[in-house]
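Notes to accompany the following structure.
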Amino acid sequence: MLAKRIIPCLDIKDGRTVKGVNFVNLRDAGDPVELGAKYSLAGADELVFLDITATHERRRTLADLARDIARHLNIPFTIGGGIRELADVDVLLDAGADKVSINSAAVRRPALIDELAYAFGNQFVVVAVDAKQVDGEWYVHLNGGRIRTEHKLFDWVTEAQERGAGEILFTSMDHDGTKAGFANAALAEMSDRLSIPIIASGGAGNKEHFAEVFTEGKADAGLAASIFHFGEVEIADLKSYLSAQGVPVRPV
């Protein structure tokens with residue numbers, strides 16, 4: 001069995017790492033490059049950097065950030081936010097990013113997934129999906145959760161895979177920042193439908209939640225923010241715990 005990945009996520013607004021609850025009430029969590037370097041040394045398997053207001057404010061993610069991150073890290077990292085076309089991705093990969101994450105632009109123009117996969121390869125394309133339940137049905141939301149679409153979650157992730165996505169980063173908006181556990185039922189259904197890796201996001205509050213998301217949720221990677229940013233869970237301790245639970249992880 002492939003090792004399960006532990007991925008700290010750094011949501012970036014105005015050049016700073018921020019964290020909120022259910023996508024609102026943001027508070028400062030530090031410098032993204034400094035935090036990323038700390039996680040690299042602490043044993044994180046990968047990092048995700050998301051400029052959470054790039055699309056909403058009609059800005060593009062700055063390649064300067066990717067270059068700065070690449071200079072300080074020795075583990076793979078994904079960067080996203082405001083990516084709309086091939087040229088945006090070309091700049092970020094040249095700056096040192098290992099993968100790019102697309103979200104709103106892919107929903108608005110799904111052919112973007114095909115174009116990126118063809119130009120750069122499936123392994124570089126992460127399709128991020130923010131969804132929450134409405135009347136018992138999971139719906140995809142855009143622009144940091146501000147806009148509900150008519151896309152149903154499982155239909156959309158299936159289409160993203162068919163178009164060439166290499167990974168799905170699924171964030172449950174209902175669970176985000178609550179520290180009450182991941183959306184394991186939805187993740188398990190997604191895993192049964194897809195053949196590409198799934199990164200689980202939204203709801204991590206303790207080590208047990210990670211064990212659950214890898215077993216009950218069948219996720220390939222667990223992503224979290226605040227519990228790492230504010231020192232509530234140390235990555236080395238988490239990996240030791242998971243290993244003791246029989247979950248395969250890479251050594252620190």
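Order determines the names: the first chain of the structure tokens is A, the second B, and so forth; residues in each chain are numbered 1 upward, and ligands are numbered 1 upward as they are shown.
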
Can you write out as a tab-separated table which residues of range 38-93 of chain A fall within 9 Å of range 115-127 of chain A, alongside each residue's closest atom pair and its distance in Å to one decimal, counting only C-alpha atoms and ordering rows by chain and ascending residue number?
```
residue	atom	partner	partner_atom	distance
A:Thr78	CA	A:Val126	CA	8.1
A:Glu85	CA	A:Leu116	CA	8.2
A:Leu86	CA	A:Leu116	CA	6.4
A:Val89	CA	A:Leu116	CA	8.0
A:Asp90	CA	A:Phe120	CA	8.5
A:Leu93	CA	A:Phe124	CA	8.8
```

Long-range neighbours of Glu46 in chain A as an MDAnalysis selection string, 10 Å cut-off, only C-alpha atoms, 3 positions minimum in chain
chainID A and resid 5:9 36 39:40 43 73:78 98 221 223

Just checking: using only C-alpha atoms, which residue out of A:Asn103, A:Thr171, A:Thr158, A:Asn206 ends up closest to Phe228 in chain A?
A:Asn206

To one decimal in Å, tell me the separation between CA of Ile79 in chain A and CA of Val48 in chain A.
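Pair CA of Ile79 in chain A / CA of Val48 in chain A returns 5.9 Å.
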
As a PyMOL selection string, list the residues of range 110-188 of chain A assigned to alpha helix (DSSP H) by DSSP on the backbone atoms of this structure.
chain A and resi 111-120+153-163+184-188

Using only C-alpha atoms: which of A:Met190, A:Ser226, A:Gly181, A:Ala105 has the shortest distance to Glu208 in chain A
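Of A:Met190, A:Ser226, A:Gly181, A:Ala105, the one nearest Glu208 in chain A, counting only C-alpha atoms, is A:Gly181.
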
Pick out the residues sitting within 8 Å of Lys218 in chain A, and hand them over as a CSV table (one decimal) with all heavy atoms, in the first residue's frame; count only C-alpha atoms, and ignore anything fewer than 2 positions along from it in its own chain.
```
chain,number,residue,atom,x,y,z
A,184,ASN,N,-15.9,12.0,5.9
A,184,ASN,CA,-15.4,10.7,5.6
A,184,ASN,C,-16.4,9.9,4.6
A,184,ASN,O,-15.9,9.2,3.7
A,184,ASN,CB,-15.1,9.8,6.8
A,184,ASN,CG,-13.9,10.4,7.5
A,184,ASN,OD1,-12.9,10.8,6.9
A,184,ASN,ND2,-14.0,10.4,8.9
A,187,LEU,N,-15.9,11.3,1.2
A,187,LEU,CA,-14.6,10.9,0.7
A,187,LEU,C,-14.5,9.5,0.3
A,187,LEU,O,-14.0,9.1,-0.8
A,187,LEU,CB,-13.5,11.2,1.8
A,187,LEU,CG,-13.2,12.7,2.0
A,187,LEU,CD1,-12.5,12.8,3.4
A,187,LEU,CD2,-12.2,13.1,0.9
A,188,ALA,N,-15.2,8.6,1.1
A,188,ALA,CA,-15.2,7.2,0.7
A,188,ALA,C,-15.9,7.0,-0.6
A,188,ALA,O,-15.5,6.2,-1.4
A,188,ALA,CB,-15.8,6.4,1.8
A,191,SER,N,-13.7,8.1,-3.4
A,191,SER,CA,-12.6,7.1,-3.6
A,191,SER,C,-13.1,5.9,-4.4
A,191,SER,O,-12.4,5.4,-5.3
A,191,SER,CB,-12.1,6.7,-2.3
A,191,SER,OG,-11.1,5.7,-2.5
A,213,VAL,N,-9.7,9.4,8.4
A,213,VAL,CA,-9.8,9.8,7.0
A,213,VAL,C,-9.1,8.8,6.1
A,213,VAL,O,-9.4,8.6,5.0
A,213,VAL,CB,-9.3,11.2,6.8
A,213,VAL,CG1,-7.8,11.3,6.7
A,213,VAL,CG2,-10.0,11.8,5.6
A,214,PHE,N,-8.0,8.2,6.6
A,214,PHE,CA,-7.3,7.2,5.8
A,214,PHE,C,-7.9,5.8,5.8
A,214,PHE,O,-7.7,5.0,4.9
A,214,PHE,CB,-5.8,7.1,6.3
A,214,PHE,CG,-5.0,8.3,6.1
A,214,PHE,CD1,-4.2,8.8,7.1
A,214,PHE,CD2,-5.1,9.0,4.9
A,214,PHE,CE1,-3.4,10.0,6.9
A,214,PHE,CE2,-4.3,10.2,4.7
A,214,PHE,CZ,-3.5,10.6,5.7
A,215,THR,N,-8.7,5.5,6.8
A,215,THR,CA,-9.4,4.2,6.8
A,215,THR,C,-10.8,4.3,6.4
A,215,THR,O,-11.2,3.8,5.3
A,215,THR,CB,-9.3,3.6,8.3
A,215,THR,OG1,-9.8,4.6,9.2
A,215,THR,CG2,-7.8,3.3,8.6
A,216,GLU,N,-11.6,5.0,7.2
A,216,GLU,CA,-13.1,5.2,6.8
A,216,GLU,C,-13.2,6.0,5.5
A,216,GLU,O,-14.1,5.7,4.7
A,216,GLU,CB,-13.8,5.9,7.9
A,216,GLU,CG,-13.8,5.1,9.2
A,216,GLU,CD,-14.4,6.0,10.4
A,216,GLU,OE1,-15.2,6.9,10.1
A,216,GLU,OE2,-14.1,5.6,11.5
A,220,ASP,N,-6.1,9.4,0.1
A,220,ASP,CA,-4.7,9.2,-0.1
A,220,ASP,C,-3.8,10.2,0.6
A,220,ASP,O,-2.6,9.9,0.9
A,220,ASP,CB,-4.4,9.3,-1.6
A,220,ASP,CG,-5.2,8.3,-2.4
A,220,ASP,OD1,-4.8,7.1,-2.5
A,220,ASP,OD2,-6.3,8.7,-2.9
```
